[in-house]
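Next comes input-v1.tsv, with TSV, C-alpha atoms and all ligand atoms.
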```
chain	number	residue	atom	x	y	z
A	1047	MET	CA	115.30	110.44	162.22
A	1048	TRP	CA	119.01	110.75	162.89
A	1049	ILE	CA	120.66	112.78	165.63
A	1050	TYR	CA	124.25	113.89	165.31
A	1051	GLU	CA	126.62	113.36	168.21
A	1052	LYS	CA	129.52	115.80	168.46
A	1053	LYS	CA	132.28	113.24	168.96
A	1054	LEU	CA	134.12	110.62	166.91
A	1055	GLN	CA	133.53	106.92	167.52
A	1056	TYR	CA	137.28	106.42	167.98
A	1057	PRO	CA	140.12	108.85	168.82
A	1058	VAL	CA	141.64	109.48	165.36
A	1059	ARG	CA	145.27	110.59	165.12
A	1060	VAL	CA	147.72	111.01	162.26
A	1061	SER	CA	151.49	111.55	162.67
A	1062	THR	CA	152.43	113.80	159.74
A	1063	CYS	CA	151.06	116.10	157.06
A	1064	ASN	CA	150.88	113.50	154.28
A	1065	PRO	CA	148.50	114.18	151.35
A	1066	LYS	CA	149.64	110.99	149.62
A	1067	LEU	CA	147.99	108.85	152.32
A	1068	ALA	CA	144.85	111.01	152.00
A	1069	LYS	CA	144.76	110.10	148.32
A	1070	TYR	CA	144.64	106.38	149.19
A	1071	LEU	CA	142.14	106.87	152.01
A	1072	ILE	CA	139.61	108.57	149.75
A	1073	GLU	CA	138.89	105.04	148.47
A	1074	GLN	CA	137.07	104.37	151.74
A	1075	TYR	CA	135.24	107.71	151.53
A	1076	GLY	CA	133.79	107.62	148.03
A	1077	GLY	CA	134.82	104.23	146.66
A	1078	ALA	CA	132.71	101.16	145.79
A	1079	ASP	CA	133.33	99.43	149.12
A	1080	GLY	CA	133.73	102.61	151.15
A	1081	GLU	CA	131.84	103.79	154.20
A	1082	LEU	CA	129.36	105.98	152.28
A	1083	ALA	CA	128.36	103.07	150.03
A	1084	ALA	CA	128.06	100.82	153.08
A	1085	ALA	CA	125.82	103.22	155.03
A	1086	LEU	CA	123.53	103.85	152.06
A	1087	ARG	CA	123.40	100.16	151.07
A	1088	TYR	CA	122.20	98.94	154.48
A	1089	LEU	CA	119.86	101.80	155.26
A	1090	ASN	CA	118.20	101.40	151.86
A	1091	GLN	CA	117.79	97.61	152.15
A	1092	ARG	CA	115.86	98.04	155.42
A	1093	TYR	CA	112.59	98.74	153.61
A	1094	SER	CA	112.36	95.36	151.91
A	1095	ILE	CA	113.82	92.89	154.40
A	1096	PRO	CA	112.04	90.71	157.03
A	1097	ASP	CA	111.31	92.59	160.27
A	1098	LYS	CA	113.72	90.42	162.28
A	1099	VAL	CA	116.80	91.97	160.67
A	1100	ILE	CA	115.68	95.60	160.14
A	1101	GLY	CA	117.20	96.59	163.48
A	1102	LEU	CA	120.58	95.17	162.52
A	1103	LEU	CA	120.63	96.94	159.13
A	1104	THR	CA	119.63	100.21	160.81
A	1105	ASP	CA	122.35	99.97	163.46
A	1106	ILE	CA	125.18	98.85	161.19
A	1107	GLY	CA	124.15	101.47	158.61
A	1108	THR	CA	124.28	104.13	161.31
A	1109	GLU	CA	127.69	102.96	162.54
A	1110	GLU	CA	128.99	103.25	158.96
A	1111	PHE	CA	128.25	107.00	159.08
A	1112	ALA	CA	130.46	107.21	162.17
A	1113	HIS	CA	133.19	105.48	160.15
A	1114	LEU	CA	132.66	107.90	157.26
A	1115	GLU	CA	133.32	110.74	159.70
A	1116	MET	CA	136.52	109.01	160.91
A	1117	ILE	CA	137.80	108.69	157.33
A	1118	ALA	CA	136.92	112.34	156.67
A	1119	THR	CA	138.83	113.29	159.83
A	1120	MET	CA	141.90	111.35	158.68
A	1121	VAL	CA	141.80	113.00	155.24
A	1122	TYR	CA	141.23	116.41	156.84
A	1123	LYS	CA	144.20	116.01	159.18
A	1124	LEU	CA	146.52	114.57	156.51
A	1125	THR	CA	145.86	117.50	154.13
A	1126	LYS	CA	145.14	120.41	156.46
A	1127	ASP	CA	147.41	123.34	155.60
A	1128	ALA	CA	149.13	121.34	152.84
A	1129	THR	CA	150.38	123.67	150.11
A	1130	PRO	CA	149.39	123.28	146.44
A	1131	GLU	CA	152.99	122.23	145.92
A	1132	GLN	CA	152.65	119.38	148.44
A	1133	LEU	CA	149.33	118.31	146.90
A	1134	LYS	CA	150.97	118.24	143.48
A	1135	GLU	CA	153.78	116.06	144.79
A	1136	ALA	CA	151.21	113.65	146.22
A	1137	GLY	CA	149.49	113.33	142.84
A	1138	LEU	CA	146.53	115.40	144.03
A	1139	ASP	CA	147.07	118.23	141.51
A	1140	ALA	CA	143.96	117.28	139.49
A	1141	HIS	CA	141.96	117.14	142.72
A	1142	TYR	CA	143.25	120.55	143.75
A	1143	VAL	CA	142.31	122.13	140.42
A	1144	ASN	CA	138.76	120.83	140.77
A	1145	HIS	CA	138.14	121.04	144.53
A	1146	ASP	CA	140.94	123.00	146.26
A	1147	ASN	CA	141.35	121.03	149.50
A	1148	ALA	CA	137.66	120.15	149.83
A	1149	LEU	CA	136.79	116.50	150.34
A	1150	PHE	CA	134.87	114.85	147.53
A	1151	TYR	CA	133.06	111.53	147.21
A	1152	ASN	CA	135.35	109.87	144.72
A	1153	ASN	CA	137.63	106.85	144.85
A	1154	ALA	CA	141.44	106.79	145.00
A	1155	ALA	CA	141.57	107.07	141.21
A	1156	GLY	CA	139.27	110.13	141.23
A	1157	VAL	CA	136.15	108.34	139.91
A	1158	PRO	CA	133.06	109.99	141.46
A	1159	TRP	CA	130.82	107.91	143.74
A	1160	THR	CA	127.83	106.33	142.01
A	1161	ALA	CA	124.63	104.66	143.21
A	1162	ALA	CA	125.62	101.72	140.99
A	1163	TYR	CA	127.99	100.74	143.83
A	1164	ILE	CA	125.10	99.71	146.05
A	1165	GLN	CA	122.91	96.74	145.36
A	1166	ALA	CA	119.30	96.15	146.36
A	1167	LYS	CA	117.84	93.00	144.86
A	1168	GLY	CA	114.84	92.81	147.20
A	1169	ASP	CA	115.62	89.15	147.90
A	1170	PRO	CA	116.66	88.99	151.58
A	1171	ILE	CA	119.31	86.30	151.11
A	1172	ALA	CA	120.79	87.90	148.00
A	1173	ASP	CA	120.94	91.26	149.80
A	1174	LEU	CA	122.54	89.87	152.98
A	1175	TYR	CA	125.15	87.97	150.95
A	1176	GLU	CA	125.84	91.24	149.16
A	1177	ASP	CA	126.36	92.86	152.55
A	1178	ILE	CA	128.71	90.11	153.76
A	1179	ALA	CA	130.75	90.45	150.56
A	1180	ALA	CA	130.82	94.25	150.98
A	1181	GLU	CA	132.20	93.90	154.51
A	1182	GLU	CA	134.92	91.47	153.40
A	1183	LYS	CA	135.85	93.80	150.53
A	1184	ALA	CA	136.05	96.77	152.90
A	1185	ARG	CA	138.23	94.69	155.27
A	1186	ALA	CA	140.55	93.85	152.36
A	1187	THR	CA	140.71	97.51	151.28
A	1188	TYR	CA	141.80	98.50	154.79
A	1189	GLN	CA	144.54	95.85	154.59
A	1190	TRP	CA	145.85	97.29	151.32
A	1191	ILE	CA	145.81	100.84	152.71
A	1192	ILE	CA	147.62	99.70	155.89
A	1193	ASN	CA	150.21	98.00	153.63
A	1194	MET	CA	150.84	101.32	151.82
A	1195	SER	CA	150.99	103.48	154.96
A	1196	ASP	CA	154.02	104.25	157.10
A	1197	ASP	CA	152.01	106.33	159.59
A	1198	PRO	CA	151.59	104.32	162.84
A	1199	ASP	CA	148.89	106.63	164.24
A	1200	LEU	CA	146.85	106.45	161.06
A	1201	ASN	CA	147.21	102.66	160.97
A	1202	ASP	CA	145.90	102.45	164.54
A	1203	GLY	CA	142.62	104.03	163.39
A	1204	LEU	CA	142.55	101.92	160.22
A	1205	ARG	CA	142.99	98.74	162.28
A	1206	PHE	CA	139.94	99.72	164.33
A	1207	LEU	CA	137.89	100.24	161.16
A	1208	ARG	CA	139.10	96.93	159.70
A	1209	GLU	CA	138.10	95.09	162.88
A	1210	ARG	CA	134.61	96.60	162.68
A	1211	GLU	CA	134.19	95.08	159.21
A	1212	ILE	CA	134.85	91.67	160.75
A	1213	ILE	CA	132.14	92.23	163.36
A	1214	HIS	CA	129.69	93.50	160.75
A	1215	ALA	CA	130.32	90.45	158.55
A	1216	GLN	CA	129.72	88.24	161.59
A	1217	ARG	CA	126.36	89.89	162.34
A	1218	PHE	CA	125.20	89.70	158.70
A	1219	ARG	CA	126.06	86.00	158.66
A	1220	GLU	CA	124.01	85.58	161.84
A	1221	ALA	CA	121.15	87.44	160.13
A	1222	VAL	CA	121.21	84.81	157.37
A	1223	GLU	CA	121.01	82.08	160.04
A	1224	ILE	CA	118.04	83.85	161.63
A	1225	LEU	CA	116.20	84.01	158.30
A	1226	LYS	CA	116.71	80.26	157.79
A	1227	GLU	CA	114.53	79.81	160.90
A	1228	GLU	CA	116.22	76.56	161.82
A	1229	ARG	CA	118.19	77.75	164.82
A	1230	ASP	CA	115.87	76.53	167.58
A	1231	ARG	CA	114.82	73.46	165.65
A	1232	LYS	CA	118.41	72.27	165.19
A	1233	LYS	CA	118.47	70.85	168.72
A	1234	PHE	CA	116.00	68.13	167.73
A	1235	PHE	CA	117.81	66.91	164.61
B	239	MET	CA	149.45	76.29	165.81
B	240	PHE	CA	146.20	77.70	164.42
B	241	THR	CA	146.43	80.88	162.40
B	242	THR	CA	143.92	82.87	160.36
B	243	ARG	CA	146.70	83.64	157.86
B	244	LYS	CA	146.85	81.06	155.10
B	245	GLN	CA	149.50	80.48	152.44
B	246	TYR	CA	149.78	79.22	148.89
B	247	HIS	CA	152.64	78.79	146.47
B	248	PRO	CA	151.91	80.02	142.95
B	249	TYR	CA	153.47	78.43	139.88
B	250	VAL	CA	156.68	80.17	138.86
B	251	SER	CA	157.65	80.27	135.18
B	252	PRO	CA	161.20	80.99	134.04
B	253	PHE	CA	159.59	83.59	131.74
B	254	ASP	CA	158.03	85.69	134.57
B	255	PRO	CA	159.90	89.01	134.45
B	256	CYS	CA	159.08	90.23	138.01
B	257	HIS	CA	161.04	88.70	140.85
B	258	PRO	CA	158.84	85.77	141.94
B	259	ILE	CA	157.00	85.80	145.26
B	260	CYS	CA	157.07	82.11	146.11
B	261	THR	CA	154.76	82.25	149.12
B	262	LYS	CA	151.58	84.31	149.05
B	263	THR	CA	149.37	84.82	152.10
B	264	TYR	CA	145.74	85.73	152.59
B	265	VAL	CA	143.48	86.39	155.54
B	266	THR	CA	140.61	84.19	156.75
B	267	PRO	CA	139.00	86.44	159.40
B	268	PRO	CA	137.70	84.89	162.65
B	269	ASN	CA	134.05	85.44	161.69
B	270	LEU	CA	134.44	82.59	159.19
B	271	TYR	CA	134.97	80.14	162.06
B	272	ILE	CA	132.02	81.18	164.24
B	273	PRO	CA	128.72	80.50	162.46
B	274	PHE	CA	126.57	81.95	165.27
B	275	GLN	CA	128.16	83.61	168.31
B	276	PRO	CA	127.39	81.62	171.49
B	277	PRO	CA	126.47	83.59	174.66
B	278	ASN	CA	128.90	84.56	177.45
B	279	LEU	CA	132.11	84.63	175.43
B	280	PRO	CA	135.09	86.33	177.15
B	281	GLN	CA	135.26	90.10	176.69
B	282	PHE	CA	138.02	92.70	176.73
B	283	PRO	CA	137.90	95.39	179.43
B	284	LEU	CA	136.07	98.46	178.07
B	285	HIS	CA	139.09	100.57	177.26
B	286	GLU	CA	140.92	97.75	175.56
B	287	ALA	CA	137.77	96.85	173.61
B	288	LEU	CA	137.69	100.36	172.12
B	289	LYS	CA	141.36	100.12	171.14
B	290	LYS	CA	140.89	96.69	169.57
B	291	GLY	CA	137.59	97.41	167.82
B	292	THR	CA	135.76	94.45	169.36
B	293	LEU	CA	134.21	93.72	172.73
B	294	TRP	CA	134.69	89.96	172.31
B	295	LYS	CA	138.17	88.46	172.26
B	296	VAL	CA	137.40	85.73	169.68
B	297	PHE	CA	136.89	88.27	166.92
B	298	TYR	CA	140.13	90.18	167.48
B	299	ASP	CA	142.28	89.90	164.37
B	300	PRO	CA	145.18	92.41	164.38
B	301	TYR	CA	146.61	93.44	161.01
B	302	TYR	CA	149.90	95.28	160.63
B	303	GLY	CA	151.58	96.69	157.52
B	304	PRO	CA	155.18	96.12	156.39
B	305	TYR	CA	156.29	99.55	157.71
B	306	GLU	CA	155.31	98.97	161.34
B	307	THR	CA	156.07	96.45	164.04
B	308	ALA	CA	153.25	94.58	165.71
B	309	TYR	CA	152.17	95.68	169.15
B	310	LYS	CA	153.50	93.46	171.94
B	311	GLY	CA	151.19	90.52	172.44
B	312	ASP	CA	149.61	90.75	168.98
B	313	ILE	CA	150.39	87.76	166.82
B	314	GLN	CA	149.20	87.95	163.25
C	672	MET	CA	144.54	130.21	170.18
C	673	LYS	CA	141.97	128.04	171.96
C	674	GLN	CA	143.24	124.57	172.83
C	675	MET	CA	141.57	121.71	174.64
C	676	PRO	CA	143.22	120.58	177.90
C	677	LYS	CA	144.62	117.10	178.50
C	678	GLU	CA	141.60	116.27	180.69
C	679	TYR	CA	139.32	116.84	177.71
C	680	TYR	CA	140.95	114.02	175.75
C	681	GLU	CA	140.85	111.70	178.75
C	682	LEU	CA	137.16	112.22	179.47
C	683	LEU	CA	136.32	111.99	175.76
C	684	GLU	CA	138.09	108.65	175.53
C	685	GLN	CA	136.27	107.34	178.60
C	686	LEU	CA	132.98	108.21	176.92
C	687	GLN	CA	134.16	106.67	173.63
C	688	ALA	CA	135.06	103.43	175.46
C	689	VAL	CA	131.64	103.07	177.11
C	690	ASP	CA	129.83	104.07	173.92
C	691	PHE	CA	131.85	101.58	171.91
C	692	ALA	CA	130.80	98.71	174.17
C	693	LEU	CA	127.20	99.90	173.80
C	694	VAL	CA	127.48	99.90	170.00
C	695	ASP	CA	128.99	96.42	169.93
C	696	LEU	CA	126.39	95.10	172.37
C	697	THR	CA	123.63	96.69	170.28
C	698	LEU	CA	124.69	94.77	167.17
C	699	TYR	CA	125.04	91.59	169.23
C	700	LEU	CA	121.58	91.99	170.73
C	701	ASP	CA	120.09	92.63	167.29
C	702	THR	CA	120.90	88.98	166.52
C	703	HIS	CA	120.67	87.65	170.13
C	704	PRO	CA	117.52	89.27	171.53
C	705	GLN	CA	117.13	86.58	174.24
C	706	ASP	CA	120.53	87.01	175.95
C	707	TYR	CA	119.46	88.18	179.40
C	708	GLN	CA	123.00	88.74	180.71
C	709	ALA	CA	123.97	90.83	177.70
C	710	ILE	CA	120.85	92.98	178.18
C	711	GLN	CA	121.78	93.49	181.83
C	712	GLN	CA	125.28	94.56	180.82
C	713	PHE	CA	123.76	96.86	178.19
C	714	ASN	CA	121.49	98.57	180.70
C	715	GLN	CA	124.29	99.01	183.24
C	716	LEU	CA	126.50	100.62	180.59
C	717	ALA	CA	123.62	102.83	179.44
C	718	GLN	CA	123.40	104.10	183.02
C	719	LYS	CA	127.14	104.72	183.13
C	720	ARG	CA	127.08	106.62	179.83
C	721	LYS	CA	124.31	108.85	181.19
C	722	HIS	CA	126.62	109.99	184.00
C	723	LEU	CA	129.60	110.45	181.70
C	724	LYS	CA	127.51	112.45	179.24
C	725	LYS	CA	126.43	114.81	182.02
C	726	GLN	CA	129.99	115.22	183.24
C	727	TYR	CA	131.28	115.84	179.72
C	728	GLU	CA	128.58	118.32	178.79
C	729	THR	CA	129.03	120.37	181.97
C	730	LEU	CA	132.69	120.86	181.10
C	731	TYR	CA	132.76	120.95	177.31
C	732	GLY	CA	129.27	121.70	176.02
C	733	PRO	CA	126.45	119.73	174.36
C	734	LEU	CA	127.10	116.39	172.66
C	735	GLN	CA	123.76	116.37	170.84
C	736	GLN	CA	121.21	118.97	169.98
C	737	TYR	CA	117.61	119.24	168.80
C	738	GLY	CA	116.87	119.25	172.52
C	739	ASN	CA	118.78	116.15	173.51
C	740	SER	CA	121.17	118.36	175.49
C	741	TYR	CA	120.63	121.60	177.42
C	742	SER	CA	122.12	124.83	176.17
C	743	ASN	CA	124.13	127.52	177.97
C	744	TYR	CA	123.67	131.21	177.22
C	745	PRO	CA	124.64	132.14	174.57
C	746	TRP	CA	123.78	129.14	172.36
C	747	ASN	CA	126.86	126.90	172.55
C	748	TRP	CA	126.07	124.02	170.19
C	749	ASP	CA	128.14	125.47	167.37
C	750	ASP	CA	131.18	126.26	169.51
C	751	THR	CA	134.47	124.82	168.30
C	752	PRO	CA	136.05	122.36	168.32
C	753	TRP	CA	134.14	119.99	166.05
C	754	PRO	CA	135.11	116.32	166.30
C	755	TRP	CA	137.46	116.31	163.29
C	756	GLN	CA	139.26	119.43	164.53
C	757	VAL	CA	140.55	118.14	167.88
D	1301	FE	FE	131.08	97.87	157.92
```

Could you rewrite the structure in this file as structure tokens?
Ligand SMILES: [Fe+2]
Amino acid sequence: MWIYEKKLQYPVRVSTCNPKLAKYLIEQYGGADGELAAALRYLNQRYSIPDKVIGLLTDIGTEEFAHLEMIATMVYKLTKDATPEQLKEAGLDAHYVNHDNALFYNNAAGVPWTAAYIQAKGDPIADLYEDIAAEEKARATYQWIINMSDDPDLNDGLRFLREREIIHAQRFREAVEILKEERDRKKFF
Amino acid sequence: MFTTRKQYHPYVSPFDPCHPICTKTYVTPPNLYIPFQPPNLPQFPLHEALKKGTLWKVFYDPYYGPYETAYKGDIQ
Amino acid sequence: MKQMPKEYYELLEQLQAVDFALVDLTLYLDTHPQDYQAIQQFNQLAQKRKHLKKQYETLYGPLQQYGNSYSNYPWNWDDTPWPWQV
């Protein structure tokens, strides 16, 4: 089971009320390489992967939910008390008409999240390579959002999240090495 | 000096209407250079590790946007 | 208007720092289960986080529920602020 902890993984701050940045950030909330897709991808793959890497998928999948909450916090803070007028200026008028200022699992272009974003081939190597690619894509997405943002406090949190993708990619690559079962043998080559 | 930021120079045609970007860069994150993390690598102190998003120094790869200046000591 | 004091943010960040190291060590140990030193560091930090959790919860209320934290009277789990509100 999962147990909620009433704190963020990282102290999230934003400098200004800026719905435009929230519009970009939603990509990492309900987009193809976002935190929701990541969490669900890894936690779902656990059931058909060798026992040696189930722990890693469980723990990275769980950390992704902490990242999802950080993104939600950023969006919440960037749009809290924003007027319909401000949302309209930020290009969020269609979002407002549909959702008021509720968060929704869609990408920056407003396309709703779909299970088609997450892969599960059942082949351990194919799935881990999928995961490595997903981490690199998420890292790249954070770079593009940082490039668009002029909010130093927001970027501080985004840099943290980007760095985590690097660590996750590292661990998934190590998982591939573990499944090759040649690590201890290598010494004798 | 070693950097994880790599460059390439795309072909520029006289018929490209946008102002050409002659040098493009891309990131090769540190995880690409460490196939399997060896034990006992140097760590950041706890508080700094939180701020940087990694406990181990080798994986730290700061990324700044065009609208901000890099923190002192961070080289991209 | 209820506002959290400066000390709240400081203690929270201390807990976040220790917990972060524990998360990063957890992922490391998932692929390095034989690293004795890392396990020692992990257990030391787990001890430290236990103390910090107690200190935090005494001042600011439960971090977890379903029985993983004690409750005051009246039930204080759903007291504000929630993490995204601070
Ligand atoms: Fe990740």

Chain B contacts to chain C at 7 Å (all atoms listed in the file) as number ranges by chain
B: 277, 284-285, 288, 293

What residues of the protein or nucleic acid chains come within 7 Å of ligand FE 1301 (chain D) when you use all atoms listed in the file? Reply as JSON, numbers by chain.
{"A": [1084, 1106, 1110, 1181, 1210, 1211, 1214]}

If we count all atoms listed in the file and set the cut-off at 9 Å, which residues sit around region 733-749 of chain C, ignoring sequence neighbours fewer than 3 positions away in its own chain? Please answer as a ChimeraX atom specification.
/A:1049-1053 /C:724,727-729,752-753

Counting only C-alpha atoms, the option among B:Pro283, B:Pro276, B:Pro300, B:Pro252 closest to chain A
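Selected residue with least distance to chain A: B:Pro300.
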
Distance cut-off 8 Å, counting only C-alpha atoms - which residues of chain A neighbour chain B? Return them as a list in words.
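Taking only C-alpha atoms into account, Tyr1056, Gln1189, Ile1192, Asn1193, Met1194, Ser1195, Asp1196, Pro1198, Asn1201, Arg1205, Phe1206, Leu1207, Glu1209, Arg1210, Ile1212, Ile1213, Ala1215, Gln1216, Arg1219, Glu1220 and Glu1223 of chain A sit within 8 Å of chain B.
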
As an exercise, work out the distance from CA of Lys295 (chain B) to CA of Glu1109 (chain A) in Å and give it to one decimal place.
20.4 Å

Do you have the CA of Gln245 (chain B)-CA of Pro258 (chain B) distance handy?
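Computed distance, CA of Gln245 (chain B) to CA of Pro258 (chain B), equals 15.0 Å.
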
How many Å separate CA of Ser1094 (chain A) from CA of Asp1169 (chain A)?
8.1 Å

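Distances from A:Glu1081, A:Glu1131, A:Asp1105, A:Asp1097 to chain C were compared using all atoms listed in the file, and the smallest one belongs to A:Asp1105.
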
Complete region 1197-1206 of chain A with all heavy atoms (output as a PDB file, in the coordinates of the input).
```pdb
ATOM      1  N   ASP A1197     152.423 105.461 158.489  1.00  0.00           N
ATOM      2  CA  ASP A1197     152.010 106.330 159.590  1.00  0.00           C
ATOM      3  C   ASP A1197     151.371 105.471 160.691  1.00  0.00           C
ATOM      4  O   ASP A1197     150.247 104.993 160.543  1.00  0.00           O
ATOM      5  CB  ASP A1197     150.998 107.361 159.060  1.00  0.00           C
ATOM      6  CG  ASP A1197     150.552 108.362 160.129  1.00  0.00           C
ATOM      7  OD1 ASP A1197     150.505 107.981 161.311  1.00  0.00           O
ATOM      8  OD2 ASP A1197     150.243 109.510 159.761  1.00  0.00           O
ATOM      9  N   PRO A1198     152.095 105.240 161.805  1.00  0.00           N
ATOM     10  CA  PRO A1198     151.590 104.320 162.840  1.00  0.00           C
ATOM     11  C   PRO A1198     150.285 104.801 163.486  1.00  0.00           C
ATOM     12  O   PRO A1198     149.424 103.980 163.829  1.00  0.00           O
ATOM     13  CB  PRO A1198     152.722 104.269 163.866  1.00  0.00           C
ATOM     14  CG  PRO A1198     153.570 105.465 163.605  1.00  0.00           C
ATOM     15  CD  PRO A1198     153.395 105.815 162.160  1.00  0.00           C
ATOM     16  N   ASP A1199     150.123 106.116 163.635  1.00  0.00           N
ATOM     17  CA  ASP A1199     148.890 106.630 164.240  1.00  0.00           C
ATOM     18  C   ASP A1199     147.695 106.417 163.312  1.00  0.00           C
ATOM     19  O   ASP A1199     146.613 106.030 163.752  1.00  0.00           O
ATOM     20  CB  ASP A1199     149.027 108.123 164.560  1.00  0.00           C
ATOM     21  CG  ASP A1199     149.955 108.353 165.741  1.00  0.00           C
ATOM     22  OD1 ASP A1199     149.902 107.547 166.691  1.00  0.00           O
ATOM     23  OD2 ASP A1199     150.736 109.313 165.697  1.00  0.00           O
ATOM     24  N   LEU A1200     147.914 106.675 162.036  1.00  0.00           N
ATOM     25  CA  LEU A1200     146.850 106.450 161.060  1.00  0.00           C
ATOM     26  C   LEU A1200     146.472 104.966 161.044  1.00  0.00           C
ATOM     27  O   LEU A1200     145.296 104.607 161.067  1.00  0.00           O
ATOM     28  CB  LEU A1200     147.316 106.880 159.661  1.00  0.00           C
ATOM     29  CG  LEU A1200     146.275 106.656 158.555  1.00  0.00           C
ATOM     30  CD1 LEU A1200     145.152 107.672 158.652  1.00  0.00           C
ATOM     31  CD2 LEU A1200     146.913 106.716 157.173  1.00  0.00           C
ATOM     32  N   ASN A1201     147.481 104.099 161.032  1.00  0.00           N
ATOM     33  CA  ASN A1201     147.210 102.660 160.970  1.00  0.00           C
ATOM     34  C   ASN A1201     146.437 102.171 162.191  1.00  0.00           C
ATOM     35  O   ASN A1201     145.648 101.240 162.089  1.00  0.00           O
ATOM     36  CB  ASN A1201     148.522 101.879 160.827  1.00  0.00           C
ATOM     37  CG  ASN A1201     149.089 102.007 159.425  1.00  0.00           C
ATOM     38  OD1 ASN A1201     148.549 102.730 158.600  1.00  0.00           O
ATOM     39  ND2 ASN A1201     150.175 101.312 159.168  1.00  0.00           N
ATOM     40  N   ASP A1202     146.657 102.799 163.329  1.00  0.00           N
ATOM     41  CA  ASP A1202     145.900 102.450 164.540  1.00  0.00           C
ATOM     42  C   ASP A1202     144.391 102.641 164.293  1.00  0.00           C
ATOM     43  O   ASP A1202     143.589 101.760 164.589  1.00  0.00           O
ATOM     44  CB  ASP A1202     146.387 103.339 165.701  1.00  0.00           C
ATOM     45  CG  ASP A1202     145.616 103.075 166.976  1.00  0.00           C
ATOM     46  OD1 ASP A1202     145.847 102.020 167.588  1.00  0.00           O
ATOM     47  OD2 ASP A1202     144.767 103.922 167.342  1.00  0.00           O
ATOM     48  N   GLY A1203     144.020 103.767 163.711  1.00  0.00           N
ATOM     49  CA  GLY A1203     142.620 104.030 163.390  1.00  0.00           C
ATOM     50  C   GLY A1203     142.103 103.097 162.302  1.00  0.00           C
ATOM     51  O   GLY A1203     140.963 102.638 162.347  1.00  0.00           O
ATOM     52  N   LEU A1204     142.965 102.805 161.312  1.00  0.00           N
ATOM     53  CA  LEU A1204     142.550 101.920 160.220  1.00  0.00           C
ATOM     54  C   LEU A1204     142.350 100.489 160.721  1.00  0.00           C
ATOM     55  O   LEU A1204     141.457  99.781 160.262  1.00  0.00           O
ATOM     56  CB  LEU A1204     143.594 101.931 159.097  1.00  0.00           C
ATOM     57  CG  LEU A1204     143.747 103.264 158.347  1.00  0.00           C
ATOM     58  CD1 LEU A1204     144.885 103.187 157.339  1.00  0.00           C
ATOM     59  CD2 LEU A1204     142.445 103.654 157.656  1.00  0.00           C
ATOM     60  N   ARG A1205     143.158 100.083 161.693  1.00  0.00           N
ATOM     61  CA  ARG A1205     142.990  98.740 162.280  1.00  0.00           C
ATOM     62  C   ARG A1205     141.641  98.622 162.986  1.00  0.00           C
ATOM     63  O   ARG A1205     140.981  97.599 162.918  1.00  0.00           O
ATOM     64  CB  ARG A1205     144.113  98.453 163.286  1.00  0.00           C
ATOM     65  CG  ARG A1205     145.121  97.421 162.804  1.00  0.00           C
ATOM     66  CD  ARG A1205     146.063  96.996 163.902  1.00  0.00           C
ATOM     67  NE  ARG A1205     146.865  98.100 164.411  1.00  0.00           N
ATOM     68  CZ  ARG A1205     147.922  98.607 163.783  1.00  0.00           C
ATOM     69  NH1 ARG A1205     148.328  98.101 162.641  1.00  0.00           N
ATOM     70  NH2 ARG A1205     148.592  99.618 164.295  1.00  0.00           N
ATOM     71  N   PHE A1206     141.258  99.699 163.680  1.00  0.00           N
ATOM     72  CA  PHE A1206     139.940  99.720 164.330  1.00  0.00           C
ATOM     73  C   PHE A1206     138.841  99.532 163.285  1.00  0.00           C
ATOM     74  O   PHE A1206     137.952  98.697 163.442  1.00  0.00           O
ATOM     75  CB  PHE A1206     139.752 101.047 165.082  1.00  0.00           C
ATOM     76  CG  PHE A1206     138.353 101.257 165.612  1.00  0.00           C
ATOM     77  CD1 PHE A1206     137.990 100.786 166.857  1.00  0.00           C
ATOM     78  CD2 PHE A1206     137.398 101.933 164.849  1.00  0.00           C
ATOM     79  CE1 PHE A1206     136.695 100.975 167.345  1.00  0.00           C
ATOM     80  CE2 PHE A1206     136.101 102.124 165.332  1.00  0.00           C
ATOM     81  CZ  PHE A1206     135.757 101.646 166.577  1.00  0.00           C
TER      82      PHE A1206
END
```
